[in-house]
file upload-v3.cif (mmCIF, C-alpha atoms)
data_coords
loop_
_atom_site.label_atom_id
_atom_site.label_comp_id
_atom_site.auth_asym_id
_atom_site.auth_seq_id
_atom_site.Cartn_x
_atom_site.Cartn_y
_atom_site.Cartn_z
CA MET A 1 0.00 0.00 0.00
CA PRO A 2 1.59 3.33 -1.00
CA PHE A 3 0.26 5.11 2.08
CA LYS A 4 -1.98 4.58 5.11
CA THR A 5 -4.30 7.30 6.40
CA LYS A 6 -2.47 9.00 9.25
CA ILE A 7 -4.46 8.74 12.49
CA SER A 8 -3.97 11.66 14.87
CA MET A 9 -5.54 11.14 18.29
CA LEU A 10 -6.80 14.36 19.88
CA LEU A 11 -7.76 14.42 23.53
CA LEU A 12 -8.26 16.61 26.54
CA GLN A 13 -7.35 14.81 29.77
CA SER A 14 -6.69 15.57 33.41
CA LEU A 15 -3.12 15.02 34.64
CA ASP A 16 -4.24 11.52 35.63
CA GLY A 17 -5.62 10.47 32.24
CA ILE A 18 -9.34 11.05 32.81
CA ILE A 19 -11.22 12.44 29.77
CA ALA A 20 -14.68 12.87 31.34
CA LYS A 21 -15.87 12.98 34.92
CA THR A 22 -19.04 11.14 33.90
CA GLN A 23 -20.68 10.06 30.64
CA GLY A 24 -21.86 13.26 28.89
CA ASP A 25 -19.50 15.55 30.84
CA ASN A 26 -19.54 18.91 29.01
CA LEU A 27 -15.76 19.28 29.58
CA ASN A 28 -16.13 22.78 30.99
CA TRP A 29 -12.90 22.08 32.91
CA GLY A 30 -11.03 22.50 29.62
CA SER A 31 -10.00 25.97 28.47
CA VAL A 32 -11.48 28.07 25.68
CA GLU A 33 -8.07 27.81 24.04
CA ASP A 34 -8.32 24.01 24.04
CA LYS A 35 -11.74 24.16 22.38
CA GLU A 36 -10.26 26.48 19.73
CA HIS A 37 -7.32 24.09 19.28
CA PHE A 38 -9.77 21.19 18.82
CA ARG A 39 -11.83 23.12 16.28
CA SER A 40 -8.94 24.40 14.20
CA LYS A 41 -7.00 21.13 14.27
CA THR A 42 -9.99 18.96 13.28
CA LYS A 43 -10.97 21.43 10.53
CA GLN A 44 -7.42 21.40 9.22
CA ILE A 45 -7.36 17.59 9.22
CA GLY A 46 -10.83 17.53 7.68
CA THR A 47 -11.96 14.08 8.84
CA MET A 48 -12.97 12.91 12.34
CA ILE A 49 -13.49 9.44 13.81
CA MET A 50 -15.55 9.03 16.98
CA GLY A 51 -17.57 6.48 18.90
CA SER A 52 -21.34 6.55 18.96
CA ASN A 53 -21.61 7.48 22.67
CA LEU A 54 -19.55 10.58 22.02
CA TYR A 55 -21.49 11.34 18.83
CA LYS A 56 -24.74 11.44 20.80
CA VAL A 57 -23.52 14.20 23.14
CA MET A 58 -21.52 16.29 20.65
CA PRO A 59 -23.04 19.69 19.86
CA GLU A 60 -24.16 20.13 16.23
CA HIS A 61 -21.48 22.71 15.36
CA THR A 62 -18.75 20.12 16.05
CA PHE A 63 -19.49 18.64 12.63
CA ASP A 64 -19.25 21.85 10.56
CA GLN A 65 -16.75 21.65 7.71
CA ARG A 66 -15.57 18.20 8.77
CA LYS A 67 -16.39 14.71 7.52
CA THR A 68 -17.17 12.35 10.39
CA PHE A 69 -17.09 8.58 10.74
CA VAL A 70 -19.02 7.24 13.71
CA LEU A 71 -18.19 3.74 14.93
CA THR A 72 -21.30 1.85 15.97
CA SER A 73 -22.41 -1.75 16.03
CA ASN A 74 -25.79 -0.61 14.71
CA PRO A 75 -25.66 2.06 11.97
CA ALA A 76 -29.40 1.67 11.25
CA ARG A 77 -30.15 3.19 14.66
CA PHE A 78 -28.94 6.63 13.51
CA GLU A 79 -30.62 9.21 11.34
CA PRO A 80 -28.59 9.82 8.16
CA LYS A 81 -26.83 13.18 8.03
CA LYS A 82 -24.73 14.99 5.47
CA ASP A 83 -21.01 14.32 5.88
CA ILE A 84 -21.60 11.81 8.68
CA GLU A 85 -21.11 8.11 8.07
CA PHE A 86 -22.01 5.35 10.53
CA PHE A 87 -19.59 2.45 10.34
CA SER A 88 -19.94 -0.95 11.98
CA GLY A 89 -16.53 -2.49 11.16
CA SER A 90 -13.35 -2.70 13.18
CA PRO A 91 -10.86 0.16 13.61
CA LEU A 92 -8.57 -1.54 11.08
CA GLU A 93 -11.39 -1.88 8.56
CA LEU A 94 -12.22 1.80 8.99
CA VAL A 95 -8.62 2.88 8.46
CA GLU A 96 -8.41 0.67 5.36
CA LYS A 97 -11.60 2.26 4.06
CA LEU A 98 -10.23 5.77 4.66
CA THR A 99 -6.96 4.81 2.99
CA GLU A 100 -8.79 3.43 -0.05
CA SER A 101 -10.79 6.67 -0.21
CA GLY A 102 -7.52 8.61 -0.43
CA ILE A 103 -7.99 10.39 2.92
CA LYS A 104 -4.53 11.44 4.09
CA GLU A 105 -5.28 12.06 7.76
CA ALA A 106 -8.12 11.60 10.24
CA ALA A 107 -8.55 12.96 13.77
CA LEU A 108 -9.48 10.31 16.33
CA VAL A 109 -11.52 12.22 18.89
CA GLY A 110 -12.83 9.63 21.36
CA GLY A 111 -14.18 8.44 23.64
CA GLY A 112 -11.95 6.32 25.83
CA LEU A 113 -12.84 2.90 24.49
CA VAL A 114 -12.41 4.08 20.91
CA TYR A 115 -9.01 5.59 21.73
CA GLY A 116 -8.07 2.34 23.46
CA SER A 117 -9.15 0.12 20.57
CA PHE A 118 -7.18 2.14 17.99
CA LEU A 119 -4.10 2.18 20.24
CA LYS A 120 -4.38 -1.56 20.88
CA ALA A 121 -4.62 -2.19 17.13
CA ASN A 122 -1.48 -0.06 16.60
CA LEU A 123 -3.34 2.28 14.25
CA VAL A 124 -2.52 5.63 15.88
CA ASP A 125 0.38 7.65 14.44
CA GLU A 126 0.34 10.85 16.48
CA ILE A 127 -1.27 12.16 19.67
CA TRP A 128 -2.23 15.75 20.45
CA VAL A 129 -3.00 15.68 24.16
CA THR A 130 -4.09 18.64 26.21
CA ILE A 131 -3.28 18.06 29.88
CA ALA A 132 -5.72 20.12 31.91
CA PRO A 133 -4.61 21.31 35.38
CA LYS A 134 -6.94 18.86 37.09
CA ILE A 135 -6.79 15.58 39.01
CA PHE A 136 -9.99 13.51 39.16
CA ALA A 137 -8.75 9.98 40.00
CA ASP A 138 -12.14 8.69 38.93
CA GLY A 139 -14.20 8.96 35.75
CA ILE A 140 -13.81 7.86 32.15
CA PHE A 141 -10.24 6.87 31.46
CA GLY A 142 -8.79 8.01 28.15
CA TYR A 143 -6.93 4.88 27.08
CA GLY A 144 -9.42 2.03 27.16
CA LYS A 145 -9.45 -1.05 29.32
CA GLU A 146 -6.69 -3.18 27.88
CA LYS A 147 -3.02 -3.21 28.81
CA LEU A 148 -0.77 -1.30 26.40
CA ASP A 149 2.96 -0.73 26.13
CA ILE A 150 3.31 2.26 23.86
CA ASN A 151 6.43 4.36 23.37
CA LEU A 152 6.08 8.01 22.45
CA GLU A 153 8.40 10.61 21.04
CA ILE A 154 7.77 14.30 21.66
CA ILE A 155 7.25 16.36 18.52
CA GLY A 156 6.49 19.54 20.49
CA THR A 157 5.08 20.88 23.75
CA TYR A 158 3.12 24.10 24.13
CA THR A 159 1.02 25.83 26.74
CA LEU A 160 -2.67 26.51 26.22
CA GLY A 161 -4.68 28.89 28.33
CA GLU A 162 -3.06 29.58 31.67
CA ASN A 163 -2.34 26.15 33.01
CA GLU A 164 -2.73 23.58 30.28
CA ILE A 165 0.08 21.67 28.59
CA LEU A 166 -0.45 20.69 24.97
CA ALA A 167 1.88 17.86 24.02
CA HIS A 168 2.28 16.54 20.48
CA TYR A 169 3.67 13.02 20.33
CA ARG A 170 4.59 10.57 17.63
CA ILE A 171 3.96 6.90 18.42
CA LYS A 172 7.05 4.78 17.91
CA LYS A 173 6.19 1.70 15.91
CA MET B 1 -0.06 27.57 63.51
CA PRO B 2 2.66 29.85 62.14
CA PHE B 3 3.50 27.41 59.32
CA LYS B 4 2.69 23.95 58.03
CA THR B 5 5.32 21.63 56.55
CA LYS B 6 5.11 22.04 52.79
CA ILE B 7 4.33 18.72 51.12
CA SER B 8 5.79 18.33 47.64
CA MET B 9 4.59 15.26 45.79
CA LEU B 10 7.20 13.78 43.41
CA LEU B 11 6.20 11.19 40.87
CA LEU B 12 7.14 9.56 37.61
CA GLN B 13 4.07 8.56 35.60
CA SER B 14 3.14 7.44 32.12
CA LEU B 15 1.02 9.86 30.07
CA ASP B 16 -2.01 7.99 31.40
CA GLY B 17 -1.19 8.31 35.12
CA ILE B 18 0.35 4.89 35.78
CA ILE B 19 3.31 4.92 38.20
CA ALA B 20 4.25 1.23 38.06
CA LYS B 21 3.42 -1.55 35.61
CA THR B 22 3.30 -4.01 38.50
CA GLN B 23 4.13 -3.98 42.22
CA GLY B 24 7.91 -3.75 42.48
CA ASP B 25 8.39 -2.37 38.93
CA ASN B 26 11.99 -1.10 38.77
CA LEU B 27 10.83 1.92 36.72
CA ASN B 28 13.45 1.35 34.04
CA TRP B 29 11.04 3.12 31.67
CA GLY B 30 12.00 6.42 33.34
CA SER B 31 15.09 8.28 32.18
CA VAL B 32 18.45 8.60 33.92
CA GLU B 33 17.69 12.34 34.07
CA ASP B 34 14.49 11.66 36.02
CA LYS B 35 16.39 9.52 38.52
CA GLU B 36 18.90 12.37 38.93
CA HIS B 37 16.01 14.84 39.36
CA PHE B 38 14.50 12.58 42.05
CA ARG B 39 17.80 12.27 43.89
CA SER B 40 18.72 15.94 43.83
CA LYS B 41 15.22 17.18 44.64
CA THR B 42 14.73 14.81 47.59
CA LYS B 43 18.22 15.60 48.93
CA GLN B 44 17.50 19.30 48.63
CA ILE B 45 14.18 18.89 50.47
CA GLY B 46 15.87 16.63 53.02
CA THR B 47 12.83 14.65 54.20
CA MET B 48 10.84 11.95 52.39
CA ILE B 49 7.48 10.34 53.11
CA MET B 50 6.64 6.97 51.59
CA GLY B 51 4.38 3.98 52.06
CA SER B 52 5.69 0.70 53.40
CA ASN B 53 5.20 -1.23 50.13
CA LEU B 54 7.43 1.25 48.35
CA TYR B 55 9.93 1.23 51.23
CA LYS B 56 10.36 -2.53 50.86
CA VAL B 57 11.47 -2.27 47.21
CA MET B 58 13.54 0.94 47.40
CA PRO B 59 17.29 0.42 46.95
CA GLU B 60 19.39 1.28 50.01
CA HIS B 61 21.04 4.35 48.46
CA THR B 62 17.63 6.06 48.15
CA PHE B 63 17.89 6.88 51.84
CA ASP B 64 21.36 8.51 51.82
CA GLN B 65 21.41 12.04 53.23
CA ARG B 66 17.62 12.11 53.63
CA LYS B 67 15.36 11.56 56.61
CA THR B 68 12.51 9.19 55.78
CA PHE B 69 9.09 8.62 57.32
CA VAL B 70 7.46 5.34 56.33
CA LEU B 71 3.71 5.01 56.77
CA THR B 72 2.73 1.59 58.04
CA SER B 73 -0.01 0.16 60.18
CA ASN B 74 2.58 -1.98 61.91
CA PRO B 75 5.88 -0.19 62.73
CA ALA B 76 7.06 -3.12 64.89
CA ARG B 77 7.37 -5.24 61.75
CA PHE B 78 10.35 -3.20 60.53
CA GLU B 79 13.96 -3.29 61.61
CA PRO B 80 15.00 0.08 63.07
CA LYS B 81 17.36 2.09 60.87
CA LYS B 82 19.18 5.38 61.21
CA ASP B 83 17.19 8.33 59.82
CA ILE B 84 14.18 6.14 59.06
CA GLU B 85 11.04 6.39 61.16
CA PHE B 86 8.03 4.07 60.89
CA PHE B 87 4.77 5.89 61.56
CA SER B 88 1.35 4.37 62.03
CA GLY B 89 -0.82 7.51 62.16
CA SER B 90 -2.84 9.26 59.46
CA PRO B 91 -1.36 11.55 56.79
CA LEU B 92 -2.65 14.56 58.78
CA GLU B 93 -1.04 13.30 61.98
CA LEU B 94 2.25 12.84 60.17
CA VAL B 95 2.18 16.35 58.70
CA GLU B 96 1.37 17.75 62.16
CA LYS B 97 4.30 15.83 63.61
CA LEU B 98 6.65 17.15 60.90
CA THR B 99 5.37 20.68 61.46
CA GLU B 100 5.91 20.40 65.21
CA SER B 101 9.44 19.15 64.51
CA GLY B 102 10.12 22.32 62.51
CA ILE B 103 10.53 20.51 59.18
CA LYS B 104 9.85 23.06 56.45
CA GLU B 105 9.25 20.69 53.53
CA ALA B 106 8.87 17.00 52.87
CA ALA B 107 8.87 15.07 49.58
CA LEU B 108 5.94 12.69 49.21
CA VAL B 109 7.31 9.92 47.02
CA GLY B 110 4.58 7.26 46.81
CA GLY B 111 3.13 4.81 46.12
CA GLY B 112 -0.25 5.44 44.56
CA LEU B 113 -2.41 4.88 47.63
CA VAL B 114 -0.19 7.15 49.71
CA TYR B 115 -0.34 9.89 47.08
CA GLY B 116 -4.12 9.45 46.93
CA SER B 117 -4.59 9.66 50.69
CA PHE B 118 -2.53 12.86 51.02
CA LEU B 119 -4.37 14.43 48.06
CA LYS B 120 -7.75 13.41 49.46
CA ALA B 121 -6.82 14.96 52.82
CA ASN B 122 -5.83 18.18 51.03
CA LEU B 123 -2.30 18.02 52.45
CA VAL B 124 -0.29 18.36 49.22
CA ASP B 125 1.03 21.80 48.28
CA GLU B 126 3.04 21.17 45.14
CA ILE B 127 3.52 18.40 42.59
CA TRP B 128 6.66 17.63 40.58
CA VAL B 129 5.47 15.16 37.97
CA THR B 130 7.64 13.58 35.32
CA ILE B 131 5.49 12.42 32.41
CA ALA B 132 7.31 9.58 30.70
CA PRO B 133 6.66 9.01 26.98
CA LYS B 134 4.70 5.84 27.69
CA ILE B 135 1.10 4.64 27.72
CA PHE B 136 0.32 1.54 29.80
CA ALA B 137 -3.46 1.76 30.39
CA ASP B 138 -3.04 -0.80 33.14
CA GLY B 139 -0.92 -0.98 36.29
CA ILE B 140 -0.66 0.95 39.54
CA PHE B 141 -2.47 4.25 39.22
CA GLY B 142 -0.71 7.26 40.75
CA TYR B 143 -3.65 8.97 42.41
CA GLY B 144 -5.32 6.45 44.67
CA LYS B 145 -8.78 4.98 44.47
CA GLU B 146 -11.01 7.82 45.61
CA LYS B 147 -12.61 10.52 43.51
CA LEU B 148 -10.81 13.87 43.63
CA ASP B 149 -11.46 17.30 42.17
CA ILE B 150 -8.14 19.08 42.38
CA ASN B 151 -7.18 22.27 40.58
CA LEU B 152 -3.57 22.87 39.65
CA GLU B 153 -1.58 25.88 38.63
CA ILE B 154 1.61 25.50 36.57
CA ILE B 155 4.74 26.84 38.23
CA GLY B 156 7.00 25.62 35.43
CA THR B 157 7.41 22.99 32.73
CA TYR B 158 10.70 21.51 31.59
CA THR B 159 11.94 18.65 29.48
CA LEU B 160 13.95 15.79 30.94
CA GLY B 161 15.89 13.31 28.87
CA GLU B 162 14.72 13.13 25.29
CA ASN B 163 11.00 12.71 25.63
CA GLU B 164 9.92 13.39 29.19
CA ILE B 165 7.96 16.39 30.40
CA LEU B 166 8.65 17.58 33.95
CA ALA B 167 5.77 19.71 35.20
CA HIS B 168 5.83 21.62 38.47
CA TYR B 169 2.36 22.45 39.79
CA ARG B 170 0.96 24.27 42.78
CA ILE B 171 -2.31 22.86 44.16
CA LYS B 172 -4.98 25.54 44.43
CA LYS B 173 -6.60 25.40 47.86
#

call {"tool": "encode", "arguments": {"input": "upload-v3.cif", "output": "structure tokens"}}
result
Amino acid sequence: MPFKTKISMLLLQSLDGIIAKTQGDNLNWGSVEDKEHFRSKTKQIGTMIMGSNLYKVMPEHTFDQRKTFVLTSNPARFEPKKDIEFFSGSPLELVEKLTESGIKEAALVGGGLVYGSFLKANLVDEIWVTIAPKIFADGIFGYGKEKLDINLEIIGTYTLGENEILAHYRIKK
Amino acid sequence: MPFKTKISMLLLQSLDGIIAKTQGDNLNWGSVEDKEHFRSKTKQIGTMIMGSNLYKVMPEHTFDQRKTFVLTSNPARFEPKKDIEFFSGSPLELVEKLTESGIKEAALVGGGLVYGSFLKANLVDEIWVTIAPKIFADGIFGYGKEKLDINLEIIGTYTLGENEILAHYRIKK
């Protein structure tokens, strides 16, 4: 295969790896600057991948000017929408589909089980993680439920807002 | 009380908040620079607090030139050693004891349940966290087992080794 769609995982987490205090958390503990980072980065990439639980709580404007693939075991359950595709295959099958469609990069935006399944399948190439100045110790964990042993390489670190760290990593294969 | 002993939590974690892959992990996934940071920072602070599980696996040289308080429900179980005190009280009682002894600062060095109990009791003032370029998704979590809602403020961020982020936070009270 001449190329594989690059998968860039985007997430906002607490220092301890929690991405939501509860299901449907509105993430108001993240900064305005992080929301702007999310919007501009996903628009620049052009394609998003998310799980169906996250899809259900995402505000409508999240999908503007971006093509979205929603992973679900039951696509028929969802109302068809422009630029949104419901996909019932595996993470690998989705990436193969994106690659065959000539999509160069897709932003993997959650939630935790979806992040975990792509990481476990070794499909993620880069991570943009915003580390919010919070510790929750309880909630929805950002990296799934299966043991991983992933090595990262820093591409860059930045600050966002007053107290957030934005780290850009490459996953060593 | 004119002052309270400042408690500075020091930890090495993966991006996802894991501090050890298994009990007794030798932490060889942390950099030489992080080990040097740990040694110089704890020597500079002069006093360490740790749990008894961690104490049992710490190499002897960890205790050079530092006074150590080991939290254990059963102090009689341990062989007395110079500059090492076994303490069976609560985190608050230990901090009060340190304060009464005129100790200005102590380094809280783990493990996860000890970190969690000091955080839960609102006794931690600062955190020095080294974020290793690793994702484990499974192992010993660095922040205990109880829900927290802690707000942090960045004092400084640095890089350690090639791919580690060292973040210094103040806990907002």

call {"tool": "resolve_selection", "arguments": {"input": "upload-v3.cif", "expression": "the PyMOL selection byres ((chain A) within 8 of (chain B))", "output": "ChimeraX atom specification"}}
result
/A:15-17,133-138,142-154,162-164

call {"tool": "resolve_selection", "arguments": {"input": "upload-v3.cif", "expression": "the PyMOL selection byres ((chain A and resi 53) around 10)", "output": "CSV table (one decimal) with C-alpha atoms, in the coordinates of the input"}}
result
chain,number,residue,atom,x,y,z
A,23,GLN,CA,-20.7,10.1,30.6
A,24,GLY,CA,-21.9,13.3,28.9
A,50,MET,CA,-15.6,9.0,17.0
A,51,GLY,CA,-17.6,6.5,18.9
A,52,SER,CA,-21.3,6.6,19.0
A,54,LEU,CA,-19.6,10.6,22.0
A,55,TYR,CA,-21.5,11.3,18.8
A,56,LYS,CA,-24.7,11.4,20.8
A,57,VAL,CA,-23.5,14.2,23.1
A,58,MET,CA,-21.5,16.3,20.6
A,70,VAL,CA,-19.0,7.2,13.7
A,71,LEU,CA,-18.2,3.7,14.9
A,72,THR,CA,-21.3,1.8,16.0
A,110,GLY,CA,-12.8,9.6,21.4
A,111,GLY,CA,-14.2,8.4,23.6
A,114,VAL,CA,-12.4,4.1,20.9

call {"tool": "calpha_fit_and_write", "arguments": {"input": "upload-v3.cif", "fixed": "chain A", "moving": "chain B", "output": "short mmCIF file (atom, residue, chain, number, x, y, z; two decimals) with C-alpha atoms, in the frame of the given file"}}
result
data_model
loop_
_atom_site.label_atom_id
_atom_site.label_comp_id
_atom_site.auth_asym_id
_atom_site.auth_seq_id
_atom_site.Cartn_x
_atom_site.Cartn_y
_atom_site.Cartn_z
CA MET B 1 0.03 0.01 0.04
CA PRO B 2 1.60 3.31 -1.01
CA PHE B 3 0.27 5.11 2.09
CA LYS B 4 -1.97 4.60 5.10
CA THR B 5 -4.30 7.31 6.41
CA LYS B 6 -2.47 9.01 9.25
CA ILE B 7 -4.45 8.74 12.48
CA SER B 8 -3.98 11.64 14.87
CA MET B 9 -5.53 11.13 18.27
CA LEU B 10 -6.80 14.36 19.90
CA LEU B 11 -7.75 14.41 23.54
CA LEU B 12 -8.25 16.61 26.55
CA GLN B 13 -7.34 14.81 29.77
CA SER B 14 -6.69 15.56 33.41
CA LEU B 15 -3.12 15.03 34.64
CA ASP B 16 -4.22 11.53 35.64
CA GLY B 17 -5.61 10.46 32.24
CA ILE B 18 -9.33 11.05 32.81
CA ILE B 19 -11.20 12.43 29.78
CA ALA B 20 -14.65 12.85 31.33
CA LYS B 21 -15.86 12.98 34.93
CA THR B 22 -19.03 11.17 33.90
CA GLN B 23 -20.67 10.08 30.64
CA GLY B 24 -21.84 13.24 28.90
CA ASP B 25 -19.48 15.56 30.85
CA ASN B 26 -19.53 18.91 29.01
CA LEU B 27 -15.76 19.28 29.59
CA ASN B 28 -16.13 22.78 31.00
CA TRP B 29 -12.90 22.07 32.91
CA GLY B 30 -11.00 22.50 29.63
CA SER B 31 -9.99 25.97 28.48
CA VAL B 32 -11.50 28.06 25.69
CA GLU B 33 -8.06 27.80 24.04
CA ASP B 34 -8.31 24.00 24.03
CA LYS B 35 -11.73 24.15 22.39
CA GLU B 36 -10.26 26.48 19.74
CA HIS B 37 -7.32 24.08 19.27
CA PHE B 38 -9.77 21.18 18.82
CA ARG B 39 -11.84 23.10 16.28
CA SER B 40 -8.95 24.38 14.20
CA LYS B 41 -7.01 21.11 14.27
CA THR B 42 -10.00 18.96 13.28
CA LYS B 43 -10.99 21.42 10.53
CA GLN B 44 -7.44 21.41 9.23
CA ILE B 45 -7.37 17.59 9.22
CA GLY B 46 -10.84 17.53 7.68
CA THR B 47 -11.98 14.08 8.85
CA MET B 48 -12.96 12.90 12.34
CA ILE B 49 -13.50 9.45 13.81
CA MET B 50 -15.56 9.04 16.97
CA GLY B 51 -17.56 6.49 18.90
CA SER B 52 -21.34 6.56 18.95
CA ASN B 53 -21.62 7.49 22.66
CA LEU B 54 -19.56 10.59 22.02
CA TYR B 55 -21.49 11.35 18.82
CA LYS B 56 -24.75 11.43 20.78
CA VAL B 57 -23.53 14.20 23.12
CA MET B 58 -21.52 16.30 20.63
CA PRO B 59 -23.06 19.69 19.83
CA GLU B 60 -24.16 20.13 16.21
CA HIS B 61 -21.48 22.69 15.32
CA THR B 62 -18.75 20.11 16.01
CA PHE B 63 -19.51 18.63 12.60
CA ASP B 64 -19.25 21.85 10.52
CA GLN B 65 -16.75 21.64 7.67
CA ARG B 66 -15.57 18.18 8.74
CA LYS B 67 -16.40 14.71 7.51
CA THR B 68 -17.18 12.35 10.38
CA PHE B 69 -17.10 8.57 10.73
CA VAL B 70 -19.02 7.24 13.72
CA LEU B 71 -18.21 3.74 14.93
CA THR B 72 -21.32 1.85 15.97
CA SER B 73 -22.43 -1.74 16.00
CA ASN B 74 -25.80 -0.61 14.71
CA PRO B 75 -25.67 2.07 11.95
CA ALA B 76 -29.40 1.67 11.23
CA ARG B 77 -30.17 3.21 14.63
CA PHE B 78 -28.94 6.63 13.48
CA GLU B 79 -30.64 9.21 11.32
CA PRO B 80 -28.62 9.82 8.14
CA LYS B 81 -26.85 13.18 8.01
CA LYS B 82 -24.74 15.00 5.46
CA ASP B 83 -21.01 14.32 5.86
CA ILE B 84 -21.61 11.82 8.66
CA GLU B 85 -21.12 8.11 8.05
CA PHE B 86 -22.02 5.35 10.52
CA PHE B 87 -19.60 2.44 10.33
CA SER B 88 -19.94 -0.94 11.98
CA GLY B 89 -16.55 -2.49 11.16
CA SER B 90 -13.35 -2.70 13.19
CA PRO B 91 -10.87 0.16 13.63
CA LEU B 92 -8.58 -1.55 11.08
CA GLU B 93 -11.40 -1.87 8.56
CA LEU B 94 -12.23 1.80 8.98
CA VAL B 95 -8.62 2.89 8.46
CA GLU B 96 -8.43 0.68 5.35
CA LYS B 97 -11.62 2.27 4.05
CA LEU B 98 -10.25 5.78 4.66
CA THR B 99 -6.98 4.84 2.98
CA GLU B 100 -8.81 3.45 -0.05
CA SER B 101 -10.81 6.68 -0.21
CA GLY B 102 -7.55 8.64 -0.43
CA ILE B 103 -8.00 10.39 2.93
CA LYS B 104 -4.55 11.45 4.09
CA GLU B 105 -5.30 12.06 7.78
CA ALA B 106 -8.12 11.59 10.24
CA ALA B 107 -8.55 12.96 13.77
CA LEU B 108 -9.49 10.31 16.32
CA VAL B 109 -11.52 12.21 18.89
CA GLY B 110 -12.83 9.63 21.37
CA GLY B 111 -14.20 8.40 23.65
CA GLY B 112 -11.94 6.32 25.84
CA LEU B 113 -12.85 2.89 24.50
CA VAL B 114 -12.41 4.08 20.92
CA TYR B 115 -9.01 5.57 21.72
CA GLY B 116 -8.06 2.32 23.47
CA SER B 117 -9.13 0.11 20.57
CA PHE B 118 -7.18 2.13 17.98
CA LEU B 119 -4.10 2.17 20.24
CA LYS B 120 -4.37 -1.56 20.90
CA ALA B 121 -4.60 -2.20 17.15
CA ASN B 122 -1.48 -0.07 16.62
CA LEU B 123 -3.33 2.27 14.26
CA VAL B 124 -2.50 5.62 15.89
CA ASP B 125 0.38 7.65 14.46
CA GLU B 126 0.34 10.84 16.49
CA ILE B 127 -1.26 12.15 19.67
CA TRP B 128 -2.23 15.75 20.45
CA VAL B 129 -2.99 15.68 24.16
CA THR B 130 -4.09 18.65 26.21
CA ILE B 131 -3.28 18.07 29.88
CA ALA B 132 -5.71 20.12 31.93
CA PRO B 133 -4.59 21.30 35.38
CA LYS B 134 -6.94 18.87 37.10
CA ILE B 135 -6.78 15.59 39.01
CA PHE B 136 -9.97 13.52 39.17
CA ALA B 137 -8.74 9.99 40.02
CA ASP B 138 -12.12 8.70 38.94
CA GLY B 139 -14.17 8.97 35.74
CA ILE B 140 -13.80 7.85 32.14
CA PHE B 141 -10.22 6.86 31.46
CA GLY B 142 -8.78 8.01 28.13
CA TYR B 143 -6.94 4.87 27.09
CA GLY B 144 -9.41 2.01 27.16
CA LYS B 145 -9.44 -1.07 29.33
CA GLU B 146 -6.67 -3.20 27.88
CA LYS B 147 -3.01 -3.22 28.82
CA LEU B 148 -0.76 -1.31 26.42
CA ASP B 149 2.97 -0.73 26.15
CA ILE B 150 3.31 2.26 23.87
CA ASN B 151 6.42 4.36 23.38
CA LEU B 152 6.08 8.01 22.47
CA GLU B 153 8.40 10.60 21.06
CA ILE B 154 7.77 14.32 21.68
CA ILE B 155 7.26 16.38 18.54
CA GLY B 156 6.49 19.55 20.50
CA THR B 157 5.09 20.89 23.76
CA TYR B 158 3.14 24.10 24.14
CA THR B 159 1.04 25.85 26.74
CA LEU B 160 -2.65 26.52 26.23
CA GLY B 161 -4.67 28.89 28.34
CA GLU B 162 -3.10 29.60 31.69
CA ASN B 163 -2.34 26.17 33.02
CA GLU B 164 -2.72 23.59 30.29
CA ILE B 165 0.08 21.68 28.60
CA LEU B 166 -0.46 20.69 24.96
CA ALA B 167 1.88 17.86 24.02
CA HIS B 168 2.29 16.56 20.49
CA TYR B 169 3.68 13.02 20.34
CA ARG B 170 4.60 10.58 17.62
CA ILE B 171 3.96 6.90 18.44
CA LYS B 172 7.07 4.80 17.92
CA LYS B 173 6.21 1.71 15.89
#

call {"tool": "residues_around", "arguments": {"input": "upload-v3.cif", "residues": "Leu160 in chain B", "least_positions_apart": "6", "cutoff": "7 Å", "atoms": "only C-alpha atoms", "output": "PDB file with C-alpha atoms, in the frame of the given file"}}
result
ATOM      1  CA  GLU B  33      17.690  12.340  34.070  1.00  0.00           C
ATOM      2  CA  ASP B  34      14.490  11.660  36.020  1.00  0.00           C
ATOM      3  CA  LEU B 166       8.650  17.580  33.950  1.00  0.00           C
TER       4      LEU B 166
END

call {"tool": "residues_around", "arguments": {"input": "upload-v3.cif", "residues": "Ile49 in chain B", "least_positions_apart": "5", "cutoff": "7 Å", "atoms": "only C-alpha atoms", "output": "MDAnalysis selection string"}}
result
chainID B and resid 68:70 106:109

call {"tool": "resolve_selection", "arguments": {"input": "upload-v3.cif", "expression": "the PyMOL selection byres ((chain B and resi 127) around 6)", "output": "JSON, numbers by chain"}}
result
{"B": [8, 9, 10, 126, 128, 129, 168, 169]}

call {"tool": "residues_around", "arguments": {"input": "upload-v3.cif", "residues": "Ile45 in chain A", "least_positions_apart": "6", "cutoff": "10 Å", "atoms": "all atoms listed in the file", "output": "ChimeraX atom specification"}}
result
/A:6-8,66-67,103-107

call {"tool": "atom_distance", "arguments": {"input": "upload-v3.cif", "atom1": "CA of Leu11 in chain A", "atom2": "CA of Thr130 in chain A"}}
result
6.2 Å

call {"tool": "atom_distance", "arguments": {"input": "upload-v3.cif", "atom1": "CA of Asp125 in chain A", "atom2": "CA of Val95 in chain A"}}
result
11.8 Å

call {"tool": "atom_distance", "arguments": {"input": "upload-v3.cif", "atom1": "CA of Pro59 in chain A", "atom2": "CA of Gly112 in chain A"}}
result
18.4 Å

call {"tool": "residues_around", "arguments": {"input": "upload-v3.cif", "residues": "range 60-65 of chain B", "least_positions_apart": "4", "cutoff": "9 Å", "atoms": "all atoms listed in the file", "output": "list in words"}}
result
Arg39, Lys43, Gly46, Met48, Asp83 and Ile84 of chain B

call {"tool": "residues_around", "arguments": {"input": "upload-v3.cif", "residues": "Pro91 in chain A", "least_positions_apart": "3", "cutoff": "10 Å", "atoms": "all atoms listed in the file", "output": "list in words"}}
result
Ile49, Leu71, Phe87, Ser88, Leu94, Val95, Glu96, Lys97, Val114, Tyr115, Ser117, Phe118, Leu119, Lys120, Ala121, Asn122 and Leu123 of chain A
